[in-house]
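Asker: Got a file for you: protein_12.txt, compact mmCIF, C-alpha atoms.
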# COMPACT_ATOMS: atom_id res chain seq x y z
CA MET A 217 38.17 61.22 68.28
CA LYS A 218 39.38 58.49 70.60
CA LEU A 219 42.73 58.05 72.31
CA LEU A 220 44.42 54.89 71.18
CA ALA A 221 47.72 53.24 72.07
CA ILE A 222 49.90 53.68 68.99
CA GLY A 223 52.34 50.82 68.89
CA ALA A 224 51.91 48.82 65.69
CA GLY A 225 51.09 45.67 67.59
CA ILE A 226 53.52 46.23 70.46
CA PRO A 227 51.74 45.67 73.79
CA TRP A 228 51.45 48.46 76.33
CA PRO A 229 54.18 48.26 79.01
CA SER A 230 53.26 45.74 81.70
CA ALA A 231 55.79 47.16 84.16
CA SER A 232 56.10 50.66 85.52
CA PRO A 233 58.01 52.00 88.51
CA PHE A 234 54.89 53.51 90.07
CA THR A 235 52.39 51.67 92.23
CA SER A 236 49.28 52.73 90.40
CA SER A 237 46.17 51.15 89.04
CA ALA A 238 45.98 53.80 86.33
CA ARG A 239 46.49 52.96 82.69
CA ARG A 240 48.89 54.91 80.54
CA PRO A 241 47.03 57.25 78.23
CA CYS A 242 48.41 57.68 74.76
CA MET A 243 49.89 60.97 73.63
CA VAL A 244 48.35 60.88 70.16
CA ALA A 245 44.76 61.33 69.14
CA ALA A 246 43.72 59.05 66.30
CA SER A 247 40.43 58.55 64.58
CA THR A 248 38.62 55.26 65.00
CA SER A 249 39.17 54.26 61.41
CA SER A 250 39.72 50.63 60.47
CA LYS A 251 43.47 51.24 60.35
CA ALA A 252 43.58 52.92 63.75
CA ALA A 253 41.28 50.35 65.29
CA ALA A 254 43.96 47.70 64.83
CA PHE A 255 45.97 49.28 67.65
CA PRO A 256 45.35 48.08 71.24
CA THR A 257 43.40 50.37 73.54
CA LEU A 258 44.29 51.48 77.06
CA SER A 259 41.93 49.16 78.88
CA ASP A 260 43.71 46.08 77.53
CA HIS A 261 46.66 46.38 79.89
CA PRO A 262 47.24 45.48 83.58
CA PRO A 263 48.30 47.89 86.34
CA PRO A 264 52.03 48.37 86.96
CA PRO A 265 53.91 46.94 89.98
CA THR A 266 56.05 48.63 92.64
CA ALA A 267 59.59 49.86 92.01
CA VAL A 268 62.70 48.47 93.70
CA ALA A 269 65.24 50.38 95.82
CA ILE A 270 68.05 52.07 93.88
CA LYS A 271 69.67 54.12 96.65
CA GLU A 272 73.04 52.38 96.36
CA ARG A 273 73.35 53.19 92.64
CA TRP A 274 71.40 56.38 92.14
CA ARG A 275 74.42 58.41 91.03
CA GLU A 276 75.14 55.85 88.32
CA TYR A 277 71.56 56.04 87.14
CA GLN A 278 71.74 59.85 87.08
CA GLY A 279 74.72 59.62 84.72
CA ASP A 280 77.77 60.16 86.93
CA ASN A 281 79.76 57.81 84.67
CA ASN A 282 77.82 58.69 81.51
CA TRP A 283 75.84 55.47 81.90
CA GLU A 284 78.86 53.33 81.04
CA GLY A 285 77.97 49.65 81.14
CA LEU A 286 74.28 50.34 81.74
CA LEU A 287 72.88 50.76 78.24
CA ASP A 288 73.79 47.63 76.32
CA PRO A 289 72.19 45.56 77.66
CA LEU A 290 69.91 47.98 79.46
CA ASP A 291 70.28 47.70 83.22
CA SER A 292 66.95 46.87 84.84
CA GLY A 293 67.31 49.60 87.48
CA LEU A 294 68.03 52.23 84.85
CA ARG A 295 65.15 50.91 82.79
CA SER A 296 62.85 51.46 85.77
CA GLU A 297 64.13 55.02 86.18
CA ILE A 298 63.66 55.83 82.48
CA LEU A 299 60.08 54.58 82.63
CA ARG A 300 59.48 56.52 85.83
CA TYR A 301 60.55 59.79 84.28
CA GLY A 302 58.65 58.91 81.13
CA GLU A 303 55.53 58.75 83.30
CA PHE A 304 56.21 62.27 84.57
CA ALA A 305 56.44 63.49 80.98
CA ARG A 306 53.26 61.62 80.11
CA ALA A 307 51.46 63.34 82.99
CA ALA A 308 52.27 66.73 81.42
CA TYR A 309 50.23 65.68 78.39
CA THR A 310 47.40 64.24 80.45
CA CYS A 311 46.93 67.46 82.40
CA PHE A 312 46.83 69.73 79.37
CA ASP A 313 43.49 70.91 77.96
CA PHE A 314 43.77 70.20 74.23
CA ASP A 315 40.22 71.30 73.35
CA PRO A 316 40.28 74.65 71.47
CA SER A 317 36.56 75.11 72.14
CA SER A 318 37.07 74.84 75.90
CA PRO A 319 37.21 78.02 78.02
CA SER A 320 40.27 76.51 79.71
CA TYR A 321 42.06 75.60 76.45
CA ALA A 322 45.88 75.53 76.76
CA THR A 323 45.80 75.50 80.56
CA CYS A 324 46.30 72.72 83.12
CA ARG A 325 43.10 70.85 83.92
CA PHE A 326 44.13 70.03 87.50
CA PRO A 327 45.35 72.02 90.52
CA LYS A 328 48.82 71.37 91.92
CA ALA A 329 47.59 69.38 94.92
CA SER A 330 45.86 66.73 92.81
CA LEU A 331 47.78 66.96 89.54
CA LEU A 332 49.77 63.73 89.72
CA PRO A 333 46.97 61.54 91.15
CA ARG A 334 44.46 62.84 88.59
CA ALA A 335 47.02 62.31 85.83
CA GLY A 336 47.16 58.63 86.76
CA LEU A 337 50.11 58.71 89.20
CA PRO A 338 48.65 58.47 92.71
CA ALA A 339 51.64 57.00 94.55
CA THR A 340 54.81 58.67 93.29
CA GLY A 341 55.95 60.21 96.56
CA TYR A 342 56.26 63.53 94.71
CA ARG A 343 54.35 66.76 95.27
CA VAL A 344 53.80 69.33 92.51
CA THR A 345 55.05 72.74 93.65
CA ARG A 346 54.63 74.89 90.55
CA HIS A 347 52.81 75.07 87.23
CA LEU A 348 54.94 76.18 84.28
CA THR A 349 53.85 78.21 81.27
CA ALA A 350 55.67 79.13 78.06
CA THR A 351 55.10 82.22 75.93
CA SER A 352 55.68 82.35 72.20
CA GLY A 353 57.58 85.27 70.75
CA ALA A 354 56.88 84.23 67.16
CA ALA A 355 53.87 86.50 66.64
CA PRO A 356 52.22 89.13 68.83
CA TRP A 357 48.75 87.70 68.37
CA LEU A 358 46.79 85.02 66.54
CA PRO A 359 43.04 84.68 67.05
CA PHE A 360 43.11 80.89 67.12
CA SER A 361 46.15 80.23 69.34
CA PRO A 362 47.01 81.55 72.82
CA ARG A 363 50.39 83.21 73.12
CA THR A 364 50.98 81.69 76.55
CA ALA A 365 50.18 78.06 77.34
CA TRP A 366 50.71 75.63 80.22
CA ILE A 367 53.76 73.52 79.35
CA GLY A 368 54.63 71.47 82.44
CA TYR A 369 55.31 71.46 86.16
CA VAL A 370 57.89 71.21 88.92
CA ALA A 371 57.57 68.51 91.58
CA VAL A 372 59.68 67.46 94.55
CA CYS A 373 59.96 64.13 96.31
CA ASP A 374 58.82 64.65 99.90
CA ASP A 375 57.83 61.13 100.94
CA PRO A 376 60.37 59.68 103.44
CA ASP A 377 60.04 56.14 102.08
CA GLU A 378 60.57 57.28 98.50
CA ILE A 379 63.51 59.45 99.50
CA ASP A 380 65.05 56.41 101.19
CA ARG A 381 64.37 54.25 98.11
CA LEU A 382 65.94 56.79 95.77
CA GLY A 383 68.86 57.63 98.06
CA ARG A 384 68.22 61.36 97.70
CA ARG A 385 65.53 64.00 97.41
CA ASP A 386 64.67 64.47 93.75
CA ILE A 387 63.30 67.59 92.05
CA VAL A 388 61.56 66.87 88.75
CA VAL A 389 60.79 69.33 85.97
CA ALA A 390 58.52 67.79 83.33
CA PHE A 391 57.47 69.22 79.96
CA ARG A 392 54.90 68.17 77.38
CA GLY A 393 55.45 68.36 73.62
CA THR A 394 53.98 70.69 70.98
CA ALA A 395 50.28 71.43 71.34
CA THR A 396 49.38 74.93 70.08
CA VAL A 397 49.69 76.57 66.67
CA LEU A 398 52.22 79.11 67.91
CA GLU A 399 54.36 76.30 69.35
CA TRP A 400 54.39 74.72 65.90
CA VAL A 401 55.44 78.07 64.46
CA GLU A 402 58.30 78.23 66.96
CA ASN A 403 59.36 74.70 66.03
CA LEU A 404 59.90 75.86 62.45
CA ARG A 405 62.21 78.72 63.46
CA ALA A 406 65.22 76.47 63.15
CA ARG A 407 67.99 79.01 62.66
CA LEU A 408 70.54 79.04 65.46
CA THR A 409 70.66 82.11 67.69
CA HIS A 410 73.30 83.30 70.17
CA LEU A 411 72.48 82.96 73.85
CA ASP A 412 74.20 86.30 74.40
CA PRO A 413 72.89 88.72 71.77
CA VAL A 414 75.12 91.57 73.01
CA VAL A 415 78.46 90.07 72.02
CA PRO A 416 77.74 87.35 69.39
CA ARG A 417 80.82 85.35 68.45
CA GLU A 418 81.00 82.24 66.31
CA ALA A 419 82.57 80.25 69.17
CA GLU A 420 79.72 81.10 71.54
CA PRO A 421 76.90 78.67 72.38
CA MET A 422 73.96 78.90 69.98
CA VAL A 423 70.53 77.24 70.12
CA GLU A 424 67.45 76.88 67.96
CA SER A 425 65.64 80.22 67.73
CA GLY A 426 62.13 78.88 68.28
CA PHE A 427 62.99 76.80 71.34
CA TRP A 428 64.89 79.74 72.83
CA SER A 429 61.93 82.02 72.16
CA LEU A 430 59.54 79.74 74.04
CA PHE A 431 62.03 79.47 76.88
CA THR A 432 62.76 83.19 77.30
CA SER A 433 59.75 85.18 76.00
CA GLY A 434 57.21 86.92 78.18
CA HIS A 435 57.27 89.17 81.23
CA TRP A 436 57.63 86.10 83.49
CA SER A 437 59.33 83.65 81.14
CA LEU A 438 59.59 79.90 81.44
CA ARG A 439 63.27 80.38 82.26
CA ASP A 440 62.39 82.77 85.10
CA GLN A 441 59.78 80.38 86.49
CA VAL A 442 62.10 77.38 86.57
CA ARG A 443 65.05 79.30 87.99
CA CYS A 444 62.93 80.75 90.76
CA GLU A 445 61.30 77.48 91.77
CA VAL A 446 64.45 75.34 91.63
CA ARG A 447 66.34 77.91 93.70
CA ARG A 448 63.51 78.05 96.23
CA LEU A 449 63.43 74.26 96.60
CA LEU A 450 67.21 74.06 96.91
CA ASP A 451 67.19 76.75 99.62
CA LYS A 452 64.52 74.81 101.49
CA TYR A 453 65.95 71.29 101.24
CA SER A 454 69.74 71.68 100.94
CA ARG A 455 70.42 72.95 104.44
CA GLY A 456 71.78 70.93 107.36
CA PRO A 457 72.27 67.14 107.36
CA ALA A 458 69.68 66.66 104.63
CA PRO A 459 69.87 63.98 101.93
CA PRO A 460 71.47 65.09 98.66
CA VAL A 461 69.19 66.86 96.20
CA SER A 462 69.10 65.90 92.52
CA LEU A 463 67.47 67.76 89.65
CA THR A 464 65.99 65.64 86.88
CA ILE A 465 64.42 67.28 83.84
CA THR A 466 62.31 65.24 81.45
CA GLY A 467 60.20 65.84 78.40
CA HIS A 468 59.05 64.50 75.05
CA SER A 469 59.52 66.14 71.63
CA LEU A 470 59.42 69.94 72.15
CA GLY A 471 59.49 69.15 75.87
CA ALA A 472 62.78 67.30 75.39
CA ALA A 473 64.31 70.39 73.76
CA LEU A 474 63.06 72.60 76.61
CA ALA A 475 64.49 70.08 79.10
CA VAL A 476 67.97 70.49 77.58
CA LEU A 477 67.70 74.30 77.63
CA THR A 478 66.48 74.20 81.24
CA ALA A 479 69.38 72.02 82.36
CA TYR A 480 71.89 74.30 80.66
CA ASP A 481 70.37 77.45 82.11
CA VAL A 482 69.94 76.18 85.68
CA THR A 483 73.50 74.85 85.73
CA MET A 484 74.94 78.13 84.49
CA ALA A 485 72.72 80.32 86.70
CA LEU A 486 73.14 78.45 89.99
CA GLU A 487 76.74 77.25 89.55
CA ASP A 488 78.04 76.13 92.99
CA GLU A 489 74.61 76.61 94.57
CA GLY A 490 73.04 74.01 92.30
CA PRO A 491 71.84 70.46 93.05
CA SER A 492 74.13 67.47 93.60
CA THR A 493 73.40 66.29 90.06
CA THR A 494 71.53 67.75 87.09
CA THR A 495 70.26 65.17 84.62
CA VAL A 496 68.08 65.25 81.52
CA VAL A 497 66.06 62.19 80.50
CA SER A 498 64.54 63.07 77.13
CA PHE A 499 62.28 61.19 74.74
CA GLY A 500 62.21 61.84 70.99
CA GLY A 501 63.89 65.23 71.26
CA PRO A 502 65.14 67.26 68.28
CA ARG A 503 68.61 68.77 68.09
CA VAL A 504 68.89 71.92 70.18
CA GLY A 505 72.21 73.72 69.80
CA ASN A 506 75.68 73.89 68.30
CA ALA A 507 78.92 72.20 69.34
CA SER A 508 79.83 75.03 71.69
CA PHE A 509 76.50 74.61 73.47
CA ARG A 510 77.15 70.88 73.80
CA ARG A 511 80.65 71.45 75.19
CA GLY A 512 79.29 73.95 77.71
CA MET A 513 76.90 71.33 79.07
CA GLU A 514 79.64 68.72 79.25
CA GLU A 515 82.06 71.05 81.03
CA ALA A 516 79.39 72.00 83.55
CA GLY A 517 78.81 68.32 84.38
CA THR A 518 75.21 68.25 83.16
CA LYS A 519 74.21 64.77 82.05
CA VAL A 520 71.82 64.11 79.17
CA LEU A 521 70.34 60.73 78.30
CA ARG A 522 68.51 60.91 74.98
CA ILE A 523 66.09 58.09 74.24
CA VAL A 524 65.47 57.98 70.50
CA ASN A 525 63.54 55.71 68.15
CA THR A 526 65.49 55.10 64.94
CA ASP A 527 62.18 55.09 63.05
CA ASP A 528 61.28 58.54 64.42
CA ILE A 529 62.22 61.54 62.26
CA ILE A 530 62.10 64.16 65.04
CA PRO A 531 65.46 63.29 66.70
CA LYS A 532 67.02 63.66 63.24
CA VAL A 533 65.99 67.28 62.74
CA PRO A 534 67.37 69.68 61.82
CA PRO A 535 68.46 67.27 59.04
CA ALA A 536 71.90 65.73 59.37
CA GLY A 537 72.93 67.50 56.18
CA PHE A 538 72.74 70.75 58.13
CA VAL A 539 74.89 69.60 61.05
CA ALA A 540 78.29 71.26 60.97
CA GLU A 541 81.36 69.09 60.53
CA GLU A 542 83.87 69.76 63.29
CA GLU A 543 87.57 69.09 63.18
CA GLN A 544 87.08 65.46 64.13
CA GLY A 545 83.48 65.28 62.93
CA ALA A 546 84.00 62.58 60.32
CA ALA A 547 85.86 60.35 62.76
CA GLU A 548 83.15 60.84 65.39
CA ALA A 549 80.45 59.91 62.88
CA VAL A 550 82.15 56.62 62.10
CA GLU A 551 82.88 55.89 65.77
CA THR A 552 79.30 56.50 66.86
CA GLY A 553 77.73 54.72 63.91
CA GLU A 554 75.98 57.89 62.78
CA GLU A 555 76.92 57.32 59.15
CA GLU A 556 75.56 53.80 59.37
CA ALA A 557 72.31 55.18 60.74
CA GLY A 558 71.84 57.25 57.60
CA ALA A 559 73.18 60.58 58.78
CA GLY A 560 74.06 61.50 55.19
CA TRP A 561 76.39 64.25 54.07
CA ARG A 562 77.50 67.15 56.22
CA LEU A 563 78.04 70.79 55.38
CA PRO A 564 81.59 72.16 55.70
CA SER A 565 81.91 74.08 58.96
CA TRP A 566 82.52 77.43 57.24
CA LEU A 567 79.31 77.11 55.23
CA ALA A 568 77.28 75.85 58.19
CA SER A 569 78.40 78.80 60.30
CA LYS A 570 77.39 81.22 57.54
CA THR A 571 73.92 79.71 57.22
CA GLY A 572 73.42 79.33 60.96
CA TRP A 573 72.69 75.59 60.72
CA ALA A 574 75.61 74.16 62.71
CA TYR A 575 73.78 71.75 65.02
CA SER A 576 75.34 69.11 67.28
CA ASP A 577 73.80 66.23 69.25
CA VAL A 578 74.00 66.53 73.04
CA GLY A 579 74.60 63.79 75.60
CA ARG A 580 74.46 60.01 75.54
CA GLU A 581 72.01 58.20 73.30
CA LEU A 582 69.90 55.11 73.94
CA ARG A 583 68.76 54.09 70.49
CA LEU A 584 65.62 52.00 70.12
CA SER A 585 63.72 50.49 67.24
CA SER A 586 60.45 48.61 66.86
CA GLY A 587 62.03 46.65 64.02
CA ARG A 588 59.23 47.77 61.72
CA ARG A 589 59.25 50.38 59.01
CA THR A 590 56.13 52.49 58.74
CA GLY A 591 55.12 55.70 57.06
CA ASN A 592 53.13 56.74 60.12
CA VAL A 593 55.33 59.56 61.42
CA VAL A 594 53.02 60.31 64.35
CA ALA A 595 53.02 56.70 65.55
CA CYS A 596 56.83 56.50 65.45
CA HIS A 597 57.09 59.66 67.54
CA ASP A 598 54.45 58.71 70.12
CA LEU A 599 55.64 58.75 73.74
CA GLY A 600 53.62 55.60 74.42
CA LEU A 601 55.63 53.72 71.79
CA TYR A 602 58.88 54.97 73.33
CA LEU A 603 57.84 53.64 76.74
CA ASN A 604 56.80 50.32 75.17
CA LEU A 605 60.20 49.88 73.57
CA VAL A 606 62.09 50.76 76.76
CA ASP A 607 59.82 48.44 78.74
CA GLN A 608 60.69 45.52 76.47
CA LEU A 609 64.45 46.04 76.53
CA SER A 610 65.10 44.21 79.80
CA SER A 611 63.51 41.90 82.29
CA GLY A 612 64.41 40.28 85.58
CA THR A 613 66.26 41.82 88.53
CA GLY A 614 69.87 41.83 87.42
CA GLY A 615 71.46 43.43 84.38
CA GLY A 616 69.02 43.82 81.55
CA CYS A 617 68.48 41.21 78.88
CA PRO A 618 66.49 42.02 75.75
CA LEU A 619 63.32 40.05 75.24
CA CYS A 620 63.66 39.22 71.58
CA PRO A 621 66.32 39.17 68.81
CA SER A 622 64.84 42.16 66.96
CA LEU A 623 65.12 44.29 70.09
CA ALA A 624 68.51 42.81 70.94
CA ASN A 625 69.85 44.35 67.75
CA ALA A 626 67.83 47.53 68.05
CA ILE A 627 69.77 49.29 70.79
CA ARG A 628 72.90 51.23 69.97
CA THR A 629 74.78 53.62 72.23
CA ASN A 630 77.26 56.31 71.37
Let's see the structure in the file written out as structure tokens.

Answerer:
Amino acid sequence: MKLLAIGAGIPWPSASPFTSSARRPCMVAASTSSKAAAFPTLSDHPPPPTAVAIKERWREYQGDNNWEGLLDPLDSGLRSEILRYGEFARAAYTCFDFDPSSPSYATCRFPKASLLPRAGLPATGYRVTRHLTATSGAAPWLPFSPRTAWIGYVAVCDDPDEIDRLGRRDIVVAFRGTATVLEWVENLRARLTHLDPVVPREAEPMVESGFWSLFTSGHWSLRDQVRCEVRRLLDKYSRGPAPPVSLTITGHSLGAALAVLTAYDVTMALEDEGPSTTTVVSFGGPRVGNASFRRGMEEAGTKVLRIVNTDDIIPKVPPAGFVAEEEQGAAEAVETGEEEAGAGWRLPSWLASKTGWAYSDVGRELRLSSGRRTGNVVACHDLGLYLNLVDQLSSGTGGGCPLCPSLANAIRTN
């Protein structure tokens, strides 16, 4: 097996916000067959340059105005930030031990002190403060899959120059996507479940059972770990005349779903003691919860920017046919172009609530497309491809301008 850059002829991003000589590793393992060999390899691409200062506009880039005027065309500063957080998500893959025959399978290969440099990010200005693990509640034991696996990390910006460049101190929580058999099992548990099992009511927030299981299972759950570490960092850095503290949560695929759950939980748990802003930057994430869950995030001021590839099936699951129609659902579908994108029919709300399949999209969407149709589901979902497409959406130092007509028509926002 050899790691290859899956991009159907699209070059690896030539620009990244980190000053690093490291190449971006691909998230997908592919065999060196004649078909796979047509894709470019990592060594074909130059190192990325340094990022520019964004301190005057950081609140805009964190979604204070729901990214109005920044997505079409894509603002170059926001583009840099999306790529930067994409690199943090990529590092979560790089650190994970994927080898089932390894004694350290499903753990992080690197200690906290050297995690980011050894993952290819030597000059981020961030320091990893905690490893994160997730426990599956799907089955008590399987001989070929660990119940608990390393899923990501928490890092904080502690470099004075980077803090000045960003205009604040940033806490990052980064998650990888699905890697173990039990995580795949959890992905398939798509029925919605109440966040409060004691008093379940139809109007209450509900989320996908499998994602919630990974987030809350275990004696020291992923939810407990994140809450504890974010609170500790806020207590340490929010006192006195300190710069504002932001919380940015990023992830790809399953990691994107966990990022949304984390943002919701931290916002609700910390309330007034929380960070200045809480933002999710997700890549290729599936739907997570119902309309009540979405409204709860909006009312709490949590911002979610979903980067999706129109050729990727994962952001479309659960299938649009199982998304509940709200009172104004049909009008919203036309307004956002969802019907045009092939959303298909929708279940009546009464039937969706009975079946437990009343999903709703969360946040603002940056829609991308390679302009090519392919049956390779894995390639369309690859994080490397997502970063390629974002990288090509703008150039220069001002507002973004797409590089080619196919990409100019590929981005839609709703």

Asker: With a cut-off of 12 Å, could you pull out the residues of range 279-357 of chain A touching range 448-458 of chain A and give me the nearest pair of atoms for each, distance in Å to one decimal, using all atoms listed in the file, ordered by chain and ascending number, as a Markdown table?

Answerer:
| residue | atom | partner | partner_atom | distance |
| --- | --- | --- | --- | --- |
| A:Arg343 | CA | A:Leu449 | CA | 11.9 |
| A:Val344 | CA | A:Leu449 | CA | 11.6 |
| A:Thr345 | CA | A:Leu449 | CA | 9.0 |
| A:Arg346 | CA | A:Leu449 | CA | 10.7 |

Asker: Distance CA of Ile379 in chain A-CA of Ser292 in chain A, one decimal place?

Answerer: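 Separation between CA of Ile379 in chain A and CA of Ser292 in chain A: 19.6 Å.
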
Asker: Could you tell me how far CA of Arg503 in chain A sits from CA of Asp577 in chain A, in Å to one decimal place?

Answerer: 5.9 Å

Asker: Between CA of Arg392 in chain A and CA of Cys324 in chain A, what is the spacing in Å?

Answerer: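 Computing it gives 11.3 Å between the two atoms.
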
Asker: Need to verify the contact set: Arg334 in chain A, 9 Å, all atoms listed in the file, exclusion of same-chain residues closer than 6 positions in sequence. Can you return it as a PyMOL selection string?

Answerer: chain A and resi 307+310-311+326

Asker: Can you build me a table of range 369-458 of chain A residues sitting at most 12 Å from range 469-474 of chain A, with the closest atom pair per residue and its distance in Å to one decimal, using only C-alpha atoms, sorted by chain and residue number, as a Markdown table?

Answerer:
| residue | atom | partner | partner_atom | distance |
| --- | --- | --- | --- | --- |
| A:Tyr369 | CA | A:Gly471 | CA | 11.3 |
| A:Val389 | CA | A:Leu474 | CA | 10.2 |
| A:Ala390 | CA | A:Gly471 | CA | 7.6 |
| A:Phe391 | CA | A:Gly471 | CA | 4.6 |
| A:Arg392 | CA | A:Gly471 | CA | 4.9 |
| A:Gly393 | CA | A:Leu470 | CA | 4.5 |
| A:Thr394 | CA | A:Leu470 | CA | 5.6 |
| A:Ala395 | CA | A:Leu470 | CA | 9.3 |
| A:Thr396 | CA | A:Leu470 | CA | 11.4 |
| A:Glu399 | CA | A:Leu470 | CA | 8.6 |
| A:Trp400 | CA | A:Leu470 | CA | 9.3 |
| A:Val401 | CA | A:Leu470 | CA | 11.9 |
| A:Glu402 | CA | A:Leu470 | CA | 9.8 |
| A:Asn403 | CA | A:Leu470 | CA | 7.8 |
| A:Leu404 | CA | A:Leu470 | CA | 11.4 |
| A:Val423 | CA | A:Ala473 | CA | 9.9 |
| A:Glu424 | CA | A:Ala473 | CA | 9.3 |
| A:Ser425 | CA | A:Ala473 | CA | 11.6 |
| A:Gly426 | CA | A:Leu470 | CA | 10.1 |
| A:Phe427 | CA | A:Leu474 | CA | 6.7 |
| A:Trp428 | CA | A:Leu474 | CA | 8.3 |
| A:Ser429 | CA | A:Leu474 | CA | 10.5 |
| A:Leu430 | CA | A:Leu474 | CA | 8.4 |
| A:Phe431 | CA | A:Leu474 | CA | 7.0 |
| A:Thr432 | CA | A:Leu474 | CA | 10.6 |
| A:Leu438 | CA | A:Leu474 | CA | 9.4 |
| A:Arg439 | CA | A:Leu474 | CA | 9.6 |
| A:Val442 | CA | A:Leu474 | CA | 11.1 |

Asker: Of the candidates A:Thr340, A:Thr464, A:Asn506, A:Thr364, which one gets nearest to Val446 in chain A if we count only C-alpha atoms?

Answerer: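 Looking only at the distances to Val446 in chain A, the closest residue turns out to be A:Thr464.
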
Asker: Emit as JSON the padded axis-aligned box for all listed atoms of range 531-535 of chain A, 3 Å per side, with centre and edge lengths in Å to one decimal.

Answerer:
{"center_x": 67.0, "center_y": 66.5, "center_z": 62.9, "size_x": 9.0, "size_y": 12.4, "size_z": 13.7}

Asker: Nearest to Leu411 in chain A among A:Ser508, A:Thr349, A:Thr493, A:Ser330, with distances taken over all atoms listed in the file: which residue is it?

Answerer: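 Of all the options, A:Ser508 lies closest to Leu411 in chain A.
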
Asker: Could you tell me which of A:Gln441, A:Ser433, A:Ser585, A:Ser318 comes closest to His347 in chain A if we count only C-alpha atoms?

Answerer: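 Between A:Gln441, A:Ser433, A:Ser585, A:Ser318, the residue approaching His347 in chain A most closely is A:Gln441.
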
Asker: Of the residues A:Arg385, A:Asn604, A:Tyr309, A:Ala350, which is the one nearest to His435 in chain A, using all atoms listed in the file?

Answerer: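 Residue with the minimum atom-to-atom distance to His435 in chain A: A:Ala350.
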
Asker: Report as a PyMOL selection string all protein, DNA and RNA residues lying within 9 Å of Thr495 in chain A, evaluated on all atoms listed in the file, omitting residues in the same chain fewer than 4 positions from it.

Answerer: chain A and resi 278-279+462-466+479+518-521

Asker: For the residues selected in the previous step, produce a file with C-alpha atoms as a PDB file, keeping the file's coordinate frame.

Answerer:
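What follows is the written file part-v3.pdb:
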ATOM      1  CA  GLN A 278      71.740  59.850  87.080  1.00  0.00           C
ATOM      2  CA  GLY A 279      74.720  59.620  84.720  1.00  0.00           C
ATOM      3  CA  SER A 462      69.100  65.900  92.520  1.00  0.00           C
ATOM      4  CA  LEU A 463      67.470  67.760  89.650  1.00  0.00           C
ATOM      5  CA  THR A 464      65.990  65.640  86.880  1.00  0.00           C
ATOM      6  CA  ILE A 465      64.420  67.280  83.840  1.00  0.00           C
ATOM      7  CA  THR A 466      62.310  65.240  81.450  1.00  0.00           C
ATOM      8  CA  ALA A 479      69.380  72.020  82.360  1.00  0.00           C
ATOM      9  CA  THR A 518      75.210  68.250  83.160  1.00  0.00           C
ATOM     10  CA  LYS A 519      74.210  64.770  82.050  1.00  0.00           C
ATOM     11  CA  VAL A 520      71.820  64.110  79.170  1.00  0.00           C
ATOM     12  CA  LEU A 521      70.340  60.730  78.300  1.00  0.00           C
TER      13      LEU A 521
END
